[in-house]
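Q: One file: start-v1.cif (mmCIF, C-alpha atoms).
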data_target
loop_
_atom_site.label_atom_id
_atom_site.label_comp_id
_atom_site.auth_asym_id
_atom_site.auth_seq_id
_atom_site.Cartn_x
_atom_site.Cartn_y
_atom_site.Cartn_z
CA MET A 993 28.16 40.11 135.77
CA VAL A 994 31.92 40.56 135.97
CA GLN A 995 33.81 42.71 133.47
CA ARG A 996 37.53 42.28 132.87
CA ILE A 997 39.62 45.46 132.77
CA GLY A 998 43.16 44.96 131.54
CA LYS A 999 45.02 41.71 132.25
CA GLN A 1000 44.47 41.22 135.98
CA THR A 1001 41.48 43.25 137.15
CA TRP A 1002 37.77 42.48 137.14
CA VAL A 1003 34.92 44.88 137.96
CA ILE A 1004 31.71 43.49 139.44
CA ASP A 1005 28.78 45.03 137.58
CA GLU A 1006 26.09 42.98 139.32
CA PRO A 1007 26.11 44.00 143.00
CA CYS A 1008 27.76 41.63 145.44
CA PHE A 1009 27.95 42.18 149.19
CA ILE A 1010 29.55 41.14 152.45
CA LYS A 1011 26.46 39.99 154.31
CA GLU A 1012 28.28 39.20 157.57
CA THR A 1013 31.66 38.34 159.07
CA ALA A 1014 33.08 36.72 162.20
CA THR A 1015 36.58 36.76 163.71
CA VAL A 1016 38.06 34.53 166.41
CA VAL A 1017 41.61 35.09 167.69
CA GLY A 1018 44.20 33.78 170.12
CA PRO A 1019 45.21 35.21 173.50
CA ASP A 1020 47.98 37.54 172.28
CA GLU A 1021 45.77 38.94 169.54
CA TYR A 1022 42.91 39.48 171.99
CA GLU A 1023 45.25 41.36 174.34
CA GLY A 1024 46.37 43.64 171.50
CA PRO A 1025 44.95 47.04 170.55
CA LEU A 1026 42.15 45.51 168.42
CA GLY A 1027 41.00 42.97 171.02
CA HIS A 1028 37.68 44.72 171.57
CA VAL A 1029 36.56 44.41 167.93
CA PHE A 1030 36.96 40.63 167.52
CA ASP A 1031 33.88 38.45 167.93
CA ASP A 1032 35.51 35.80 170.12
CA HIS A 1033 38.85 34.54 171.40
CA ILE A 1034 40.49 31.50 172.93
CA ASP A 1035 42.31 31.69 176.27
CA ASP A 1036 45.36 29.64 175.26
CA LEU A 1037 46.89 28.12 172.14
CA TYR A 1038 45.21 24.75 172.74
CA ALA A 1039 41.61 26.04 172.85
CA GLY A 1040 40.64 23.04 174.97
CA GLN A 1041 41.96 20.61 172.35
CA SER A 1042 44.72 17.98 172.48
CA SER A 1043 46.95 19.62 169.84
CA TRP A 1044 47.62 22.92 168.13
CA GLU A 1045 46.34 21.49 164.85
CA LYS A 1046 42.99 20.65 166.42
CA ALA A 1047 42.96 24.07 168.08
CA GLU A 1048 43.19 25.74 164.67
CA GLN A 1049 40.30 23.61 163.43
CA ARG A 1050 38.33 24.78 166.44
CA LEU A 1051 39.05 28.41 165.54
CA VAL A 1052 37.65 27.82 162.05
CA GLN A 1053 34.55 26.07 163.37
CA LYS A 1054 33.84 28.90 165.79
CA ALA A 1055 34.29 31.60 163.15
CA VAL A 1056 32.11 29.80 160.61
CA SER A 1057 29.28 29.07 163.06
CA GLN A 1058 29.28 32.63 164.39
CA CYS A 1059 29.28 34.09 160.88
CA ILE A 1060 26.22 32.04 159.90
CA LYS A 1061 24.45 32.91 163.15
CA LYS A 1062 25.15 36.64 162.75
CA ALA A 1063 23.92 36.52 159.16
CA GLY A 1064 20.59 35.13 160.32
CA ILE A 1065 20.48 32.33 157.77
CA SER A 1066 20.33 28.57 158.06
CA GLU A 1067 23.11 26.19 157.04
CA ALA A 1068 20.84 25.00 154.23
CA GLU A 1069 21.06 28.46 152.65
CA VAL A 1070 24.86 28.31 152.28
CA ASP A 1071 25.53 27.26 148.68
CA LEU A 1072 29.31 27.01 148.79
CA TYR A 1073 32.12 26.96 151.36
CA ALA A 1074 35.68 27.89 150.38
CA ALA A 1075 38.60 27.99 152.80
CA GLY A 1076 42.37 28.00 153.13
CA ASP A 1077 45.15 27.88 155.70
CA LEU A 1078 48.91 27.40 155.91
CA MET A 1079 49.11 23.70 156.78
CA SER A 1080 50.36 21.14 154.29
CA GLN A 1081 47.51 19.98 152.00
CA LEU A 1082 45.18 22.56 153.60
CA ALA A 1083 44.63 20.06 156.39
CA THR A 1084 42.98 22.51 158.77
CA SER A 1085 40.40 23.60 156.22
CA TYR A 1086 39.61 20.09 155.03
CA TYR A 1087 39.20 18.70 158.55
CA ALA A 1088 36.98 21.64 159.51
CA ALA A 1089 34.94 21.24 156.32
CA SER A 1090 34.40 17.56 157.08
CA GLN A 1091 32.16 18.67 159.95
CA LEU A 1092 30.10 21.01 157.75
CA PRO A 1093 27.30 20.17 155.27
CA PHE A 1094 28.51 22.42 152.42
CA PRO A 1095 30.11 21.84 149.00
CA PHE A 1096 33.77 22.72 149.59
CA LEU A 1097 36.62 24.31 147.68
CA GLY A 1098 40.13 24.59 149.13
CA ALA A 1099 42.47 27.37 148.01
CA PHE A 1100 46.04 28.35 148.80
CA SER A 1101 47.98 31.55 148.25
CA ALA A 1102 49.75 31.47 151.64
CA CYS A 1103 48.88 34.67 153.52
CA ALA A 1104 47.16 36.08 150.41
CA THR A 1105 44.46 33.39 150.54
CA SER A 1106 41.74 35.50 152.17
CA MET A 1107 41.39 38.01 149.34
CA GLN A 1108 41.79 35.24 146.75
CA LEU A 1109 38.74 33.56 148.31
CA VAL A 1110 36.73 36.78 148.46
CA ALA A 1111 37.43 37.41 144.77
CA LEU A 1112 36.61 33.87 143.62
CA THR A 1113 33.37 33.63 145.60
CA ALA A 1114 32.31 37.18 144.71
CA MET A 1115 32.70 36.20 141.06
CA SER A 1116 30.43 33.20 141.63
CA VAL A 1117 27.82 35.27 143.46
CA SER A 1118 27.89 38.05 140.88
CA GLN A 1119 27.36 35.53 138.08
CA ARG A 1120 24.43 34.15 140.14
CA MET A 1121 26.01 30.73 140.26
CA VAL A 1122 25.34 30.84 144.01
CA ASN A 1123 23.43 33.19 146.33
CA HIS A 1124 25.44 32.74 149.53
CA ALA A 1125 29.13 31.76 149.58
CA LEU A 1126 30.93 31.26 152.88
CA ILE A 1127 34.70 31.65 153.19
CA SER A 1128 37.23 31.26 155.99
CA THR A 1129 40.99 31.59 156.41
CA SER A 1130 43.04 30.60 159.44
CA SER A 1131 46.51 30.29 160.93
CA HIS A 1132 48.02 29.29 164.27
CA TYR A 1133 51.31 30.37 165.77
CA GLY A 1134 52.34 26.93 167.06
CA VAL A 1135 51.31 25.09 163.91
CA ALA A 1136 53.13 27.51 161.62
CA GLU A 1137 56.32 27.47 163.69
CA LYS A 1138 56.36 23.68 163.64
CA GLN A 1139 55.84 23.46 159.88
CA PHE A 1140 57.91 26.35 158.55
CA ARG A 1141 60.61 26.98 161.13
CA LEU A 1142 61.29 25.15 164.40
CA PRO A 1143 59.08 23.96 167.25
CA ILE A 1144 58.68 26.93 169.61
CA GLU A 1145 60.32 24.89 172.40
CA HIS A 1146 63.57 25.26 170.42
CA VAL A 1147 64.62 28.70 171.60
CA LYS A 1148 66.39 30.55 168.81
CA GLN A 1149 67.37 34.20 168.51
CA ARG A 1150 65.35 35.95 165.81
CA PRO A 1151 66.28 39.00 163.77
CA LYS A 1152 64.31 42.22 164.02
CA THR A 1153 62.72 41.54 160.61
CA ALA A 1154 60.94 38.41 161.90
CA MET A 1155 57.15 38.42 162.34
CA LYS A 1156 54.75 36.53 164.61
CA THR A 1157 52.14 34.27 163.02
CA VAL A 1158 48.65 35.35 164.01
CA THR A 1159 46.51 32.77 165.78
CA GLY A 1160 42.99 33.24 164.51
CA ALA A 1161 40.31 32.62 161.91
CA GLY A 1162 38.21 35.01 159.87
CA ALA A 1163 34.97 34.05 158.12
CA ALA A 1164 32.77 36.03 155.74
CA LEU A 1165 29.49 35.43 153.95
CA ILE A 1166 29.44 36.84 150.42
CA SER A 1167 25.90 37.33 149.17
CA SER A 1168 23.65 38.85 146.52
CA THR A 1169 21.51 40.32 149.32
CA PRO A 1170 22.13 44.09 149.71
CA SER A 1171 24.27 44.77 152.80
CA PRO A 1172 26.33 47.70 154.14
CA ILE A 1173 29.57 46.61 152.43
CA ALA A 1174 29.85 45.94 148.69
CA VAL A 1175 32.57 44.12 146.76
CA GLN A 1176 33.34 46.36 143.78
CA SER A 1177 36.34 44.89 142.00
CA PHE A 1178 39.39 42.71 142.44
CA THR A 1179 42.87 42.21 141.02
CA PHE A 1180 44.68 38.89 140.97
CA GLY A 1181 48.42 39.39 141.40
CA ARG A 1182 51.34 38.00 139.46
CA VAL A 1183 53.96 35.86 141.18
CA ILE A 1184 56.96 38.09 141.94
CA ASP A 1185 60.33 36.66 143.00
CA TRP A 1186 62.59 39.35 144.46
CA LYS A 1187 65.32 36.71 145.02
CA VAL A 1188 64.95 36.79 148.81
CA LYS A 1189 66.08 33.59 150.56
CA ASP A 1190 65.63 34.60 154.20
CA PRO A 1191 62.37 33.17 155.68
CA THR A 1192 62.68 35.59 158.60
CA ASP A 1193 62.39 38.61 156.30
CA LEU A 1194 59.13 37.90 154.49
CA GLY A 1195 57.82 41.46 154.74
CA GLN A 1196 60.46 42.80 152.39
CA ALA A 1197 60.14 39.71 150.19
CA MET A 1198 56.40 40.36 149.71
CA ALA A 1199 56.57 44.15 149.24
CA PRO A 1200 57.33 43.99 145.48
CA ALA A 1201 54.33 41.67 144.95
CA ALA A 1202 52.10 44.11 146.84
CA PHE A 1203 53.49 46.99 144.79
CA SER A 1204 52.89 45.11 141.54
CA THR A 1205 49.25 44.32 142.36
CA ILE A 1206 48.42 47.82 143.62
CA ASP A 1207 50.14 49.49 140.67
CA ASP A 1208 48.50 47.18 138.13
CA HIS A 1209 45.08 47.74 139.72
CA LEU A 1210 45.37 51.53 139.72
CA GLN A 1211 46.53 51.60 136.11
CA ALA A 1212 43.76 49.26 134.94
CA MET A 1213 41.10 51.28 136.74
CA GLY A 1214 42.54 54.65 135.75
CA GLU A 1215 42.73 55.61 139.41
CA SER A 1216 45.22 56.95 141.95
CA ILE A 1217 45.68 56.27 145.65
CA ASP A 1218 43.54 59.36 146.30
CA ASP A 1219 40.50 57.42 145.10
CA TYR A 1220 40.72 55.32 148.28
CA ASP A 1221 40.47 56.10 151.96
CA ALA A 1222 43.07 53.41 152.64
CA ILE A 1223 45.37 51.07 150.75
CA VAL A 1224 45.61 48.04 153.04
CA THR A 1225 48.23 45.27 152.96
CA GLY A 1226 48.00 41.98 154.79
CA ASP A 1227 51.30 41.44 156.56
CA LEU A 1228 54.24 43.38 155.20
CA SER A 1229 55.46 44.35 158.68
CA MET A 1230 57.28 47.58 159.40
CA PHE A 1231 60.15 46.67 157.09
CA GLY A 1232 58.00 45.52 154.18
CA SER A 1233 55.79 48.59 154.56
CA THR A 1234 58.82 50.85 154.31
CA GLN A 1235 59.91 48.95 151.21
CA LEU A 1236 56.45 49.35 149.62
CA GLN A 1237 56.40 53.08 150.23
CA ARG A 1238 59.91 53.39 148.76
CA LEU A 1239 58.82 51.55 145.61
CA PHE A 1240 55.92 53.97 145.17
CA ARG A 1241 58.17 56.99 145.70
CA GLU A 1242 60.35 55.67 142.89
CA ARG A 1243 57.16 55.53 140.81
CA GLY A 1244 56.52 59.19 141.66
CA VAL A 1245 53.81 58.56 144.28
CA GLU A 1246 54.85 60.52 147.36
CA LYS A 1247 51.84 60.14 149.66
CA MET A 1248 51.57 56.36 150.01
CA ASP A 1249 52.63 56.60 153.66
CA LEU A 1250 49.46 58.64 154.30
CA LYS A 1251 47.19 56.04 152.67
CA HIS A 1252 48.91 52.77 153.52
CA ILE A 1253 47.79 50.56 156.42
CA ASP A 1254 49.27 47.15 157.22
CA CYS A 1255 47.19 44.61 159.13
CA GLY A 1256 50.33 43.04 160.58
CA GLN A 1257 51.29 46.33 162.18
CA LEU A 1258 47.78 46.96 163.51
CA ILE A 1259 47.02 43.67 165.22
CA TYR A 1260 49.71 43.69 167.92
CA GLY A 1261 50.73 47.32 168.05
CA SER A 1262 54.35 48.18 168.68
CA GLY A 1263 56.71 46.19 170.87
CA SER A 1264 59.59 43.72 170.69
CA LYS A 1265 57.35 40.78 171.67
CA THR A 1266 56.00 40.56 168.14
CA PHE A 1267 59.18 41.75 166.39
CA ALA A 1268 58.26 43.44 163.07
CA GLY A 1269 54.52 42.72 163.33
CA GLY A 1270 51.95 40.03 162.67
CA SER A 1271 51.77 37.61 159.76
CA GLY A 1272 49.91 34.46 158.79
CA ALA A 1273 46.85 33.62 156.72
CA ALA A 1274 44.56 34.91 159.49
CA CYS A 1275 46.27 38.29 159.83
CA CYS A 1276 44.58 40.09 156.94
CA PRO A 1277 41.03 38.71 157.41
CA VAL A 1278 40.73 39.11 161.19
CA VAL A 1279 41.75 42.78 160.94
CA THR A 1280 39.82 43.52 157.74
CA PHE A 1281 36.62 41.69 158.70
CA SER A 1282 36.50 43.43 162.09
CA SER A 1283 38.17 46.83 162.46
CA LEU A 1284 38.32 47.94 158.82
CA PHE A 1285 34.79 46.81 157.99
CA ASP A 1286 33.55 48.65 161.09
CA HIS A 1287 35.07 51.81 159.61
CA LEU A 1288 33.16 51.20 156.38
CA ARG A 1289 29.90 50.65 158.23
CA THR A 1290 30.26 53.83 160.28
CA GLY A 1291 31.31 55.95 157.31
CA LYS A 1292 34.86 56.67 158.48
CA TYR A 1293 35.91 54.88 155.29
CA ARG A 1294 33.90 54.81 152.08
CA ARG A 1295 36.24 52.81 149.86
CA ILE A 1296 39.30 50.70 150.64
CA PHE A 1297 41.60 48.46 148.61
CA VAL A 1298 42.70 45.43 150.64
CA VAL A 1299 45.73 43.57 149.29
CA ALA A 1300 46.54 40.30 151.05
CA THR A 1301 50.20 39.36 150.66
CA GLY A 1302 51.62 35.84 150.55
CA ALA A 1303 55.09 34.28 150.51
CA ILE A 1304 55.54 30.70 149.31
CA VAL A 1305 57.89 29.35 151.97
CA ASN A 1306 58.75 25.72 151.27
CA ARG A 1307 61.42 24.19 153.51
CA SER A 1308 62.56 21.67 150.90
CA HIS A 1309 63.10 24.39 148.31
CA LEU A 1310 64.85 26.67 150.80
CA GLN A 1311 67.21 23.85 151.79
CA GLN A 1312 68.08 23.54 148.10
CA GLY A 1313 68.99 27.22 147.93
CA GLU A 1314 65.83 28.40 146.17
CA THR A 1315 64.35 31.86 146.62
CA ILE A 1316 60.88 32.79 147.98
CA PRO A 1317 58.26 33.67 145.32
CA CYS A 1318 55.42 35.92 146.50
CA VAL A 1319 51.95 36.93 145.38
CA ALA A 1320 49.34 39.53 146.38
CA HIS A 1321 45.63 39.56 145.62
CA GLY A 1322 43.52 42.70 146.09
CA VAL A 1323 39.81 43.43 146.59
CA VAL A 1324 38.01 46.78 146.63
CA PHE A 1325 35.38 47.08 149.35
CA ALA A 1326 33.02 50.05 149.45
CA ARG A 1327 30.34 51.39 151.75
CA ASN A 1328 26.91 50.72 150.26
CA GLU A 1329 25.77 54.33 150.23
CA ALA A 1330 22.34 53.55 148.73
CA LEU A 1331 21.51 51.15 151.54
CA GLU A 1332 22.79 53.47 154.25
CA GLU A 1333 20.89 56.46 152.82
CA GLY A 1334 17.74 54.37 152.71
CA ARG A 1335 18.11 53.49 156.35
CA GLY A 1336 18.64 57.14 157.20
CA ASP A 1337 15.45 58.13 155.38
CA GLY A 1338 13.54 55.54 157.35
#
Render the structure in this file as structure tokens.

A:
Amino acid sequence: MVQRIGKQTWVIDEPCFIKETATVVGPDEYEGPLGHVFDDHIDDLYAGQSSWEKAEQRLVQKAVSQCIKKAGISEAEVDLYAAGDLMSQLATSYYAASQLPFPFLGAFSACATSMQLVALTAMSVSQRMVNHALISTSSHYGVAEKQFRLPIEHVKQRPKTAMKTVTGAGAALISSTPSPIAVQSFTFGRVIDWKVKDPTDLGQAMAPAAFSTIDDHLQAMGESIDDYDAIVTGDLSMFGSTQLQRLFRERGVEKMDLKHIDCGQLIYGSGSKTFAGGSGAACCPVVTFSSLFDHLRTGKYRRIFVVATGAIVNRSHLQQGETIPCVAHGVVFARNEALEEGRGDG
């Protein structure tokens, strides 16, 4: 069962688990500091396909098939598939799903989609509506540049606040079968508009939404940041991360810089090539489902709060002078101590 706490937070009373995950990334991501933890990678942005759009579909297909294979189940055992991406009308997810034999749900919260999907499917599994729910989220550098900014052939100077869209796909199987990582609770964020109009400064635009979701979650749960080994954001970048920590200092929380981790800062490391860090719908899941989940499995972390951050960047609205509304959805993942202790006793 799922119990609502406050306005935005739900606690999962009936255990729900991450049975398995798979991550597939592009060449720049593979060459970064986390390259060794990803399951697979493509050698160039085309992935052997005729277009970037088809390449992104290929990333999704590879992540989904590897996740099912690693989980040791058949396709017939997958009860539901839910996915999202950044393309108009969720085209990548729908085209990928057309090649799969599962009931499908598409979802969009921009770069916050991954944790939205985890929360929605965990709710379904916990209520025993389904036993195995498969999710995936993807993005592609070339596809995103074409849709939201300019084709990458159009060389344009970028400010230091700009981020690089991650090329990759992350898939996860949420299940009622006990596994090393449990889904404990989740908080759906409110849409926050900080009146930012600059699409090259999305980190600082999203920081207030991340702050709102984290703050609301902690208050609802009666917790502090010390109850977590890490407070993780999806893609705030170095500038958005600084903004988040400043907002918490104003709240009287001085140690957020010791707890906060941003996936966008982890995936590429430091360097001018990626400007302020990574972004995109794949950024949060490929880092979380690989590196951070490894830390939970090994016991380095016991409990983390992962908050995927999304900015609703619509070119038509921006051309009309509108601002960029943002949202952040958070999920608490915890090491399944009972399962790990049982394995140790064996």

Q: Which is closest to Ser1080 of chain A among A:Ala1212, A:Val1158, A:Ala1039, A:Val1135, if we use only C-alpha atoms?

A: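 Residue with the minimum atom-to-atom distance to Ser1080 of chain A: A:Val1135.
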
Q: For this file, the PyMOL selection byres ((chain A and resi 1001-1009) around 6) selects which residues, as a short mmCIF file (atom, residue, chain, number, x, y, z; two decimals) with C-alpha atoms, in the frame of the given file?

A:
data_model
loop_
_atom_site.label_atom_id
_atom_site.label_comp_id
_atom_site.auth_asym_id
_atom_site.auth_seq_id
_atom_site.Cartn_x
_atom_site.Cartn_y
_atom_site.Cartn_z
CA MET A 993 28.16 40.11 135.77
CA VAL A 994 31.92 40.56 135.97
CA GLN A 995 33.81 42.71 133.47
CA ARG A 996 37.53 42.28 132.87
CA ILE A 997 39.62 45.46 132.77
CA GLN A 1000 44.47 41.22 135.98
CA ILE A 1010 29.55 41.14 152.45
CA LYS A 1011 26.46 39.99 154.31
CA SER A 1118 27.89 38.05 140.88
CA ILE A 1166 29.44 36.84 150.42
CA SER A 1167 25.90 37.33 149.17
CA SER A 1168 23.65 38.85 146.52
CA SER A 1171 24.27 44.77 152.80
CA ILE A 1173 29.57 46.61 152.43
CA ALA A 1174 29.85 45.94 148.69
CA VAL A 1175 32.57 44.12 146.76
CA GLN A 1176 33.34 46.36 143.78
CA SER A 1177 36.34 44.89 142.00
CA PHE A 1178 39.39 42.71 142.44
CA THR A 1179 42.87 42.21 141.02
#

Q: From the set A:Ala1089, A:Val1245, A:Met1079, A:Met1121, which residue has the shortest atom-to-atom contact distance to Trp1044 of chain A, counting only C-alpha atoms?

A: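 Of the candidates, the smallest distance to Trp1044 of chain A is held by A:Met1079.
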
Q: Take the PyMOL selection byres ((chain A and resi 1291) around 10), run it mentally on this structure, and tell me the resulting residues as a PyMOL selection string.

A: chain A and resi 1285-1290+1292-1295+1326-1329+1332

Q: I'd like the interatomic distance between atom CA of Gly1160 of chain A and atom CA of Ile1304 of chain A, to a tenth of an Å.

A: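 Those two atoms sit 19.9 Å apart.
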
Q: Would you write out, as a list in words, every residue that the PyMOL selection byres ((chain A and resi 1086) around 10) captures in this file?

A: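 For this structure, the PyMOL selection byres ((chain A and resi 1086) around 10) captures Gln1049, Ala1074, Ala1075, Gly1076, Asp1077, Gln1081, Leu1082, Ala1083, Thr1084, Ser1085, Tyr1087, Ala1088, Ala1089, Ser1090, Gln1091, Leu1092, Phe1096, Leu1097 and Gly1098 of chain A.
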
Q: Set the distance at 12 Å and use all atoms listed in the file: which residues neighbour Cys1255 of chain A once local chain neighbours fewer than 5 positions away are removed? I'd like the list as a PyMOL selection string.

A: chain A and resi 1021+1025-1026+1103+1158+1195+1222-1230+1232-1233+1260-1261+1268-1284+1298-1301

Q: Expressed in Å to a single decimal, how great is the separation between atom CA of Ile1253 of chain A and atom CA of Lys1156 of chain A?

A: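 Taking atom CA of Ile1253 of chain A as the start and atom CA of Lys1156 of chain A as the end point, the length is 17.7 Å.
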
Q: Considering all atoms listed in the file, return as a list in words whatever protein or nucleic-acid residues lie within 8 Å of Ala1164 of chain A, sequence-local ones (same chain, fewer than 4 positions apart) excluded.

A: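 Skipping anything fewer than 4 positions along the chain leaves Ile1010, Lys1011, Glu1012, Thr1013, Ala1014, Val1056, Cys1059, Leu1126, Ile1127, Ser1128 and Phe1281 of chain A.
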
Q: Using all atoms listed in the file, pick whichever of A:His1132, A:Thr1315, A:Glu1242, A:Ala1161 has the shortest atom-to-atom distance to Ser1043 of chain A.

A: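 Closest residue, counting all atoms listed in the file: A:His1132.
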
Q: Of the residues A:Gly1162, A:Pro1093, A:Gly1018, A:Gly998, which is the one nearest to Val1052 of chain A, using all atoms listed in the file?

A: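 Comparing A:Gly1162, A:Pro1093, A:Gly1018, A:Gly998 against Val1052 of chain A, the winner is A:Gly1162.
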
Q: Could you state the separation of atom CA of Asp1207 of chain A and atom CA of Thr1157 of chain A in Å, given to one decimal place?

A: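 These atoms are spaced 27.1 Å apart.
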
Q: Check the smallest atom-to-atom distance from each of A:Glu1069, A:Asp1190, A:Glu1045, A:Asp1254 to Gln1311 of chain A using only C-alpha atoms, then report the winner.

A: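 Looking only at the distances to Gln1311 of chain A, the closest residue turns out to be A:Asp1190.
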
Q: Can you work out which one of A:Ala1068, A:Ser1116, A:Ser1106, A:Lys999 has the shortest atom-to-atom distance to Met1213 of chain A, counting only C-alpha atoms?

A: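 Ranking A:Ala1068, A:Ser1116, A:Ser1106, A:Lys999 by distance to Met1213 of chain A, first place goes to A:Lys999.
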
Q: Which residues, written as a PyMOL selection string, have at least one atom at most 12 Å from Glu1246 of chain A, with all atoms listed in the file counted and residues fewer than 6 positions away on the same chain left out?

A: chain A and resi 1216-1218+1236-1240+1252

Q: Which segment 1174-1243 of chain A residues have any atom within 8 Å of an atom of segment 1318-1322 of chain A, and for each, what is the nearest pair of atoms with distance in Å to one decimal, counting all atoms listed in the file, rows sorted by chain and number, as a tab-separated table?

A:
residue	atom	partner	partner_atom	distance
A:Phe1178	CA	A:Gly1322	CA	5.5
A:Thr1179	CA	A:Gly1322	CA	5.1
A:Phe1180	CA	A:His1321	CA	4.8
A:Gly1181	CA	A:His1321	CA	5.1
A:Arg1182	CA	A:Val1319	CA	6.0
A:Val1183	CA	A:Val1319	CA	4.8
A:Ile1184	CA	A:Cys1318	CA	5.3
A:Asp1185	CA	A:Cys1318	CA	6.1
A:Ala1197	CA	A:Cys1318	CA	7.1
A:Met1198	CA	A:Cys1318	CA	5.6
A:Ala1201	CA	A:Val1319	CA	5.3
A:Ala1202	CA	A:Ala1320	CA	5.4
A:Thr1205	CA	A:Ala1320	CA	6.3
A:Ile1206	CA	A:Gly1322	CA	7.5
